[in-house]
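**Q** Structure: structure-v7.json, JSON, C-alpha atoms.
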```
[["chain", "number", "residue", "atom", "x", "y", "z"],
["A", 1, "MET", "CA", 258.31, 129.21, 30.77],
["A", 2, "THR", "CA", 258.10, 126.02, 28.85],
["A", 3, "GLN", "CA", 258.57, 123.16, 31.28],
["A", 4, "ASN", "CA", 259.58, 119.64, 30.39],
["A", 5, "ALA", "CA", 258.03, 116.65, 32.12],
["A", 6, "SER", "CA", 261.05, 115.79, 34.26],
["A", 7, "HIS", "CA", 262.14, 119.36, 35.20],
["A", 8, "GLU", "CA", 265.70, 118.07, 35.02],
["A", 9, "PRO", "CA", 268.21, 120.71, 33.90],
["A", 10, "ASP", "CA", 270.14, 120.18, 30.68],
["A", 11, "GLY", "CA", 273.83, 119.27, 30.96],
["A", 12, "ALA", "CA", 275.20, 122.83, 30.72],
["A", 13, "SER", "CA", 272.69, 124.19, 33.24],
["A", 14, "ALA", "CA", 273.30, 121.31, 35.66],
["A", 15, "ALA", "CA", 277.06, 121.85, 35.41],
["A", 16, "TYR", "CA", 276.59, 125.59, 36.01],
["A", 17, "LEU", "CA", 274.48, 124.94, 39.12],
["A", 18, "ALA", "CA", 277.10, 122.48, 40.43],
["A", 19, "GLY", "CA", 279.79, 125.14, 39.95],
["A", 20, "LEU", "CA", 277.57, 127.76, 41.59],
["A", 21, "ARG", "CA", 277.03, 125.47, 44.58],
["A", 22, "ALA", "CA", 280.81, 125.05, 44.91],
["A", 23, "ARG", "CA", 281.44, 128.82, 44.71],
["A", 24, "LEU", "CA", 278.75, 129.55, 47.31],
["A", 25, "THR", "CA", 280.13, 126.90, 49.67],
["A", 26, "ALA", "CA", 283.70, 128.16, 49.22],
["A", 27, "ASP", "CA", 282.53, 131.68, 50.16],
["A", 28, "GLY", "CA", 281.06, 130.45, 53.45],
["A", 29, "CYS", "CA", 277.38, 130.33, 52.48],
["A", 30, "THR", "CA", 275.02, 127.80, 53.97],
["A", 31, "VAL", "CA", 273.78, 125.91, 50.90],
["A", 32, "THR", "CA", 270.61, 123.82, 50.78],
["A", 33, "ASP", "CA", 268.21, 122.49, 48.16],
["A", 34, "SER", "CA", 264.69, 123.70, 47.51],
["A", 35, "GLU", "CA", 262.10, 123.46, 44.77],
["A", 36, "TRP", "CA", 260.14, 125.97, 42.69],
["A", 37, "ARG", "CA", 257.38, 124.85, 40.33],
["A", 38, "GLY", "CA", 258.90, 121.37, 40.21],
["A", 39, "CYS", "CA", 262.39, 122.66, 39.38],
["A", 40, "PRO", "CA", 265.29, 122.01, 41.74],
["A", 41, "VAL", "CA", 266.70, 125.16, 43.35],
["A", 42, "VAL", "CA", 270.12, 125.80, 44.84],
["A", 43, "ALA", "CA", 269.46, 127.98, 47.89],
["A", 44, "ALA", "CA", 272.21, 129.75, 49.82],
["A", 45, "HIS", "CA", 272.40, 132.22, 52.69],
["A", 46, "ARG", "CA", 275.05, 134.27, 54.45],
["A", 47, "ALA", "CA", 275.08, 137.24, 56.82],
["A", 48, "ASP", "CA", 277.77, 139.91, 56.95],
["A", 49, "ARG", "CA", 278.37, 142.78, 59.34],
["A", 50, "ARG", "CA", 280.96, 145.45, 58.59],
["A", 51, "ALA", "CA", 282.12, 148.51, 60.49],
["A", 52, "ARG", "CA", 281.94, 150.62, 57.31],
["A", 53, "TRP", "CA", 278.21, 149.84, 57.24],
["A", 54, "PHE", "CA", 277.97, 151.46, 60.67],
["A", 55, "GLY", "CA", 277.78, 148.02, 62.24],
["A", 56, "THR", "CA", 274.64, 147.05, 60.34],
["A", 57, "LYS", "CA", 274.05, 143.57, 58.98],
["A", 58, "ALA", "CA", 273.36, 142.42, 55.44],
["A", 59, "GLU", "CA", 271.70, 139.06, 54.87],
["A", 60, "LEU", "CA", 272.27, 137.70, 51.38],
["A", 61, "PHE", "CA", 270.13, 134.98, 49.84],
["A", 62, "VAL", "CA", 270.99, 133.33, 46.53],
["A", 63, "LEU", "CA", 268.32, 131.16, 44.90],
["A", 64, "ALA", "CA", 269.08, 129.64, 41.49],
["A", 65, "ALA", "CA", 267.00, 127.30, 39.35],
["A", 66, "ALA", "CA", 267.72, 125.71, 35.99],
["A", 67, "VAL", "CA", 264.78, 126.02, 33.61],
["A", 68, "PRO", "CA", 264.28, 124.90, 30.00],
["A", 69, "GLN", "CA", 263.62, 128.51, 28.96],
["A", 70, "ALA", "CA", 263.83, 131.80, 30.87],
["A", 71, "ASP", "CA", 261.20, 134.34, 29.89],
["A", 72, "VAL", "CA", 259.91, 137.46, 31.64],
["A", 73, "ALA", "CA", 256.95, 135.70, 33.27],
["A", 74, "ALA", "CA", 259.15, 132.94, 34.70],
["A", 75, "LEU", "CA", 261.80, 135.39, 35.94],
["A", 76, "GLU", "CA", 259.20, 137.65, 37.53],
["A", 77, "GLY", "CA", 257.47, 134.70, 39.20],
["A", 78, "PHE", "CA", 260.76, 133.26, 40.44],
["A", 79, "THR", "CA", 261.89, 136.66, 41.73],
["A", 80, "LEU", "CA", 258.69, 137.15, 43.73],
["A", 81, "TRP", "CA", 258.94, 133.60, 45.11],
["A", 82, "ALA", "CA", 262.60, 134.10, 46.06],
["A", 83, "MET", "CA", 261.90, 137.42, 47.79],
["A", 84, "GLU", "CA", 259.03, 135.97, 49.83],
["A", 85, "ARG", "CA", 261.16, 132.94, 50.72],
["A", 86, "ALA", "CA", 264.05, 135.17, 51.85],
["A", 87, "LYS", "CA", 261.64, 137.34, 53.81],
["A", 88, "SER", "CA", 260.35, 134.27, 55.67],
["A", 89, "LEU", "CA", 263.84, 132.91, 56.38],
["A", 90, "ARG", "CA", 265.77, 136.02, 57.38],
["A", 91, "GLY", "CA", 266.97, 136.35, 60.95],
["A", 92, "GLY", "CA", 266.68, 139.07, 63.55],
["A", 93, "ILE", "CA", 263.98, 140.74, 65.53],
["A", 94, "PRO", "CA", 261.15, 142.32, 63.51],
["A", 95, "GLY", "CA", 261.82, 146.04, 63.13],
["A", 96, "ALA", "CA", 265.52, 145.63, 63.91],
["A", 97, "ARG", "CA", 266.58, 143.98, 60.66],
["A", 98, "ASN", "CA", 269.06, 145.82, 58.56],
["A", 99, "VAL", "CA", 268.83, 144.70, 54.93],
["A", 100, "THR", "CA", 267.88, 141.51, 53.13],
["A", 101, "LEU", "CA", 269.45, 141.15, 49.70],
["A", 102, "VAL", "CA", 268.29, 138.50, 47.23],
["A", 103, "LEU", "CA", 269.92, 137.23, 44.05],
["A", 104, "PRO", "CA", 267.21, 135.15, 42.31],
["A", 105, "ALA", "CA", 268.73, 133.50, 39.23],
["A", 106, "LEU", "CA", 267.27, 131.52, 36.36],
["A", 107, "VAL", "CA", 269.82, 129.42, 34.49],
["A", 108, "SER", "CA", 268.98, 128.20, 31.00],
["A", 109, "ALA", "CA", 270.40, 127.45, 27.58],
["A", 110, "ARG", "CA", 267.55, 129.62, 26.26],
["A", 111, "VAL", "CA", 267.17, 133.05, 27.87],
["A", 112, "GLN", "CA", 264.79, 135.30, 25.98],
["A", 113, "PRO", "CA", 266.29, 138.77, 25.40],
["A", 114, "GLU", "CA", 263.29, 140.37, 27.12],
["A", 115, "ALA", "CA", 264.03, 138.38, 30.29],
["A", 116, "ALA", "CA", 267.64, 139.55, 30.33],
["A", 117, "GLN", "CA", 266.45, 143.13, 29.76],
["A", 118, "TRP", "CA", 263.95, 142.79, 32.63],
["A", 119, "ALA", "CA", 266.74, 141.58, 34.93],
["A", 120, "ALA", "CA", 269.08, 144.42, 33.91],
["A", 121, "HIS", "CA", 266.42, 147.13, 34.21],
["A", 122, "ASP", "CA", 266.27, 147.67, 37.99],
["A", 123, "ALA", "CA", 266.32, 146.09, 41.43],
["A", 124, "ARG", "CA", 263.01, 145.05, 43.01],
["A", 125, "THR", "CA", 261.81, 145.60, 46.58],
["A", 126, "VAL", "CA", 259.16, 144.07, 48.85],
["A", 127, "ASP", "CA", 257.82, 146.15, 51.75],
["A", 128, "SER", "CA", 261.01, 148.27, 51.47],
["A", 129, "THR", "CA", 262.78, 145.54, 53.49],
["A", 130, "VAL", "CA", 263.85, 143.04, 50.81],
["A", 131, "VAL", "CA", 265.92, 144.12, 47.81],
["A", 132, "SER", "CA", 266.47, 141.73, 44.92],
["A", 133, "ARG", "CA", 268.58, 141.85, 41.82],
["A", 134, "PRO", "CA", 267.15, 139.25, 39.42],
["A", 135, "VAL", "CA", 269.77, 137.36, 37.43],
["A", 136, "THR", "CA", 269.63, 135.48, 34.14],
["A", 137, "VAL", "CA", 272.40, 133.09, 33.22],
["A", 138, "GLU", "CA", 272.45, 131.83, 29.66],
["A", 139, "CYS", "CA", 274.79, 128.87, 29.41],
["A", 140, "GLY", "CA", 275.67, 126.51, 26.66],
["A", 141, "ARG", "CA", 278.26, 125.97, 23.99],
["A", 142, "GLY", "CA", 281.03, 126.41, 26.57],
["A", 143, "VAL", "CA", 280.12, 129.99, 27.55],
["A", 144, "SER", "CA", 277.80, 131.68, 30.00],
["A", 145, "ARG", "CA", 276.30, 135.16, 29.87],
["A", 146, "THR", "CA", 275.07, 136.72, 33.12],
["A", 147, "THR", "CA", 272.69, 139.68, 33.26],
["A", 148, "LEU", "CA", 271.62, 141.65, 36.36],
["A", 149, "TYR", "CA", 271.03, 145.24, 37.46],
["A", 150, "ARG", "CA", 274.38, 146.79, 38.41],
["A", 151, "GLY", "CA", 273.19, 150.25, 39.43],
["A", 152, "ARG", "CA", 272.55, 151.75, 42.85],
["A", 153, "VAL", "CA", 269.29, 151.51, 44.75],
["A", 154, "VAL", "CA", 267.71, 153.88, 47.24],
["A", 155, "TRP", "CA", 266.83, 151.27, 49.88],
["A", 156, "GLY", "CA", 269.89, 149.19, 50.76],
["A", 157, "GLY", "CA", 272.16, 151.38, 48.63],
["A", 158, "LEU", "CA", 274.88, 151.21, 51.26],
["A", 159, "PHE", "CA", 275.27, 147.51, 50.36],
["A", 160, "THR", "CA", 275.44, 147.92, 46.55],
["A", 161, "LYS", "CA", 279.17, 147.30, 46.29],
["A", 162, "HIS", "CA", 278.91, 144.24, 48.55],
["A", 163, "VAL", "CA", 276.06, 142.58, 46.65],
["A", 164, "LEU", "CA", 277.68, 143.27, 43.27],
["A", 165, "GLU", "CA", 280.98, 141.80, 44.48],
["A", 166, "LYS", "CA", 279.16, 138.68, 45.66],
["A", 167, "ALA", "CA", 277.20, 138.42, 42.41],
["A", 168, "GLY", "CA", 280.46, 138.70, 40.47],
["A", 169, "ARG", "CA", 282.02, 135.97, 42.59],
["A", 170, "TYR", "CA", 279.08, 133.58, 42.35],
["A", 171, "PHE", "CA", 277.78, 134.09, 38.81],
["A", 172, "THR", "CA", 280.92, 133.70, 36.72]]
```
Now that the file is in, can you turn its structure into structure tokens?

**A**
Amino acid sequence: MTQNASHEPDGASAAYLAGLRARLTADGCTVTDSEWRGCPVVAAHRADRRARWFGTKAELFVLAAAVPQADVAALEGFTLWAMERAKSLRGGIPGARNVTLVLPALVSARVQPEAAQWAAHDARTVDSTVVSRPVTVECGRGVSRTTLYRGRVVWGGLFTKHVLEKAGRYFT
């Protein structure tokens, strides 16, 4: 990732993050600010429990940062950071947690094709307790292109439809 001195997002990325913050808030997420490698991060969290999930709970974390350029190394580093952060913040009693889902997103006017391919390839897991679906959002020139893995996963597969619905709602 090429970083500029100020780490301030460009206009399109800043506008996208502002819209993302509004969509997360409107959906009932708790939204806060964080920082990753000097870049501001929009951080959101929500927990859902549904009868069709046999009464289990899904905790969803969304962490999005605007970067000058999204490449594979930056997306991989951000994904690992986001998963560890979610793991440290999730609720519940150890051993009784249900599933922690993470949507780590890098927003940029310049997303390298390899980064988008890495995001679309598969979901990632940590200790078989945290499942992430990395996201790239390429925005600029009045359009945005979102890439993430849309397939099923073994661990947390019961929540696939839920996390994809939320990703579709947030990353428009």

**Q** Tell me which of A:Asp71, A:Val62, A:Ala115, A:Thr100 sits closest to A:Arg21, counting all atoms listed in the file.

**A** A:Val62

**Q** Looking at all atoms listed in the file, which of A:Lys87, A:Ala119, A:Leu63, A:Lys166 is the one that sits closest to A:Ser34?

**A**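 Closest to A:Ser34, using all atoms listed in the file: A:Leu63.
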
**Q** Determine, counting all atoms listed in the file, which protein, DNA and RNA residues have an atom within 8 Å of an atom of A:Ser108; residues of the same chain fewer than 6 positions away are not included. Present the result as number ranges by chain.

**A** A: 13, 66-70, 136-139

**Q** Under the rule that only C-alpha atoms are counted, which of A:Thr125, A:Thr160, A:Thr147, A:Gln112 is the nearest residue to A:Met83?

**A**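 Selected residue with least distance to A:Met83: A:Thr125.
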
**Q** So, with only C-alpha atoms as the atoms that count, which of A:Val72, A:Ala64, A:Val143, A:Val130 lies closest to A:Ser88?

**A**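 Looking at the shortest contact to A:Ser88, the residue is A:Val130.
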
**Q** Give me the residues within 12 Å of A:Ala15 as a list in words, counting all atoms listed in the file and dropping any in the same chain fewer than 2 places off.

**A**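 Within the cut-off, the hits are Glu8, Pro9, Asp10, Gly11, Ala12, Ser13, Leu17, Ala18, Gly19, Leu20, Arg21, Ala22, Ala66, Val107, Ser108, Ala109, Cys139, Gly140, Gly142, Val143 and Ser144 of chain A.
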
**Q** Dump C-alpha atoms for the selected residues as a tab-separated table (two decimals), keeping the file's coordinate frame?

**A**
```tsv
chain	number	residue	atom	x	y	z
A	8	GLU	CA	265.70	118.07	35.02
A	9	PRO	CA	268.21	120.71	33.90
A	10	ASP	CA	270.14	120.18	30.68
A	11	GLY	CA	273.83	119.27	30.96
A	12	ALA	CA	275.20	122.83	30.72
A	13	SER	CA	272.69	124.19	33.24
A	17	LEU	CA	274.48	124.94	39.12
A	18	ALA	CA	277.10	122.48	40.43
A	19	GLY	CA	279.79	125.14	39.95
A	20	LEU	CA	277.57	127.76	41.59
A	21	ARG	CA	277.03	125.47	44.58
A	22	ALA	CA	280.81	125.05	44.91
A	66	ALA	CA	267.72	125.71	35.99
A	107	VAL	CA	269.82	129.42	34.49
A	108	SER	CA	268.98	128.20	31.00
A	109	ALA	CA	270.40	127.45	27.58
A	139	CYS	CA	274.79	128.87	29.41
A	140	GLY	CA	275.67	126.51	26.66
A	142	GLY	CA	281.03	126.41	26.57
A	143	VAL	CA	280.12	129.99	27.55
A	144	SER	CA	277.80	131.68	30.00
```

**Q** May I ask which of the residues A:Asn98, A:Thr172, A:Thr32, A:Thr129 is the closest one to A:Tyr16, counting all atoms listed in the file?

**A**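 Of A:Asn98, A:Thr172, A:Thr32, A:Thr129, the one nearest A:Tyr16, counting all atoms listed in the file, is A:Thr172.
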
**Q** Just add all heavy atoms to stretch 75-86 of chain A and send it as a compact mmCIF listing (two decimals), in the coordinates of the input.

**A**
```
# COMPACT_ATOMS: atom_id res chain seq x y z
N LEU A 75 260.86 134.64 35.11
CA LEU A 75 261.80 135.39 35.94
C LEU A 75 261.07 136.23 36.98
O LEU A 75 261.48 136.29 38.14
CB LEU A 75 262.70 136.27 35.07
CG LEU A 75 263.81 137.02 35.81
CD1 LEU A 75 264.73 136.07 36.58
CD2 LEU A 75 264.62 137.86 34.83
N GLU A 76 259.98 136.86 36.58
CA GLU A 76 259.20 137.65 37.53
C GLU A 76 258.60 136.76 38.62
O GLU A 76 258.67 137.08 39.80
CB GLU A 76 258.10 138.42 36.81
CG GLU A 76 257.34 139.36 37.71
CD GLU A 76 256.35 140.23 36.95
OE1 GLU A 76 256.03 139.93 35.78
OE2 GLU A 76 255.90 141.22 37.56
N GLY A 77 258.03 135.63 38.23
CA GLY A 77 257.47 134.70 39.20
C GLY A 77 258.52 134.14 40.15
O GLY A 77 258.30 134.05 41.36
N PHE A 78 259.68 133.78 39.60
CA PHE A 78 260.76 133.26 40.44
C PHE A 78 261.29 134.33 41.38
O PHE A 78 261.57 134.06 42.55
CB PHE A 78 261.88 132.71 39.57
CG PHE A 78 262.97 132.02 40.35
CD1 PHE A 78 262.73 130.81 40.97
CD2 PHE A 78 264.22 132.61 40.48
CE1 PHE A 78 263.73 130.18 41.71
CE2 PHE A 78 265.22 131.99 41.21
CZ PHE A 78 264.98 130.76 41.82
N THR A 79 261.41 135.55 40.90
CA THR A 79 261.89 136.66 41.73
C THR A 79 260.95 136.90 42.91
O THR A 79 261.40 137.03 44.05
CB THR A 79 262.06 137.94 40.89
OG1 THR A 79 263.04 137.70 39.88
CG2 THR A 79 262.48 139.12 41.74
N LEU A 80 259.66 136.95 42.64
CA LEU A 80 258.69 137.15 43.73
C LEU A 80 258.74 136.00 44.73
O LEU A 80 258.72 136.21 45.95
CB LEU A 80 257.28 137.31 43.16
CG LEU A 80 257.04 138.60 42.38
CD1 LEU A 80 255.66 138.56 41.71
CD2 LEU A 80 257.18 139.82 43.27
N TRP A 81 258.83 134.77 44.23
CA TRP A 81 258.94 133.60 45.11
C TRP A 81 260.19 133.69 45.97
O TRP A 81 260.16 133.45 47.18
CB TRP A 81 258.94 132.32 44.28
CG TRP A 81 259.18 131.09 45.08
CD1 TRP A 81 258.26 130.38 45.81
CD2 TRP A 81 260.44 130.42 45.27
NE1 TRP A 81 258.87 129.31 46.43
CE2 TRP A 81 260.21 129.32 46.11
CE3 TRP A 81 261.73 130.64 44.80
CZ2 TRP A 81 261.22 128.44 46.49
CZ3 TRP A 81 262.74 129.78 45.18
CH2 TRP A 81 262.48 128.69 46.02
N ALA A 82 261.32 134.02 45.35
CA ALA A 82 262.60 134.10 46.06
C ALA A 82 262.57 135.19 47.13
O ALA A 82 263.09 135.01 48.24
CB ALA A 82 263.74 134.35 45.07
N MET A 83 261.97 136.33 46.82
CA MET A 83 261.90 137.42 47.79
C MET A 83 261.03 137.04 48.99
O MET A 83 261.38 137.32 50.13
CB MET A 83 261.39 138.69 47.11
CG MET A 83 262.39 139.26 46.11
SD MET A 83 261.74 140.60 45.11
CE MET A 83 261.71 141.91 46.32
N GLU A 84 259.90 136.40 48.72
CA GLU A 84 259.03 135.97 49.83
C GLU A 84 259.72 134.89 50.66
O GLU A 84 259.62 134.88 51.88
CB GLU A 84 257.69 135.47 49.30
CG GLU A 84 256.79 136.59 48.80
CD GLU A 84 256.45 137.62 49.87
OE1 GLU A 84 256.23 137.25 51.04
OE2 GLU A 84 256.42 138.82 49.53
N ARG A 85 260.43 133.99 49.99
CA ARG A 85 261.16 132.94 50.72
C ARG A 85 262.24 133.57 51.61
O ARG A 85 262.39 133.20 52.76
CB ARG A 85 261.77 131.95 49.75
CG ARG A 85 262.50 130.82 50.43
CD ARG A 85 262.59 129.62 49.52
NE ARG A 85 263.41 128.59 50.09
CZ ARG A 85 262.97 127.69 50.96
NH1 ARG A 85 261.71 127.70 51.34
NH2 ARG A 85 263.79 126.78 51.44
N ALA A 86 263.00 134.49 51.07
CA ALA A 86 264.05 135.17 51.85
C ALA A 86 263.43 135.93 53.02
O ALA A 86 263.95 135.90 54.14
CB ALA A 86 264.85 136.11 50.97
```
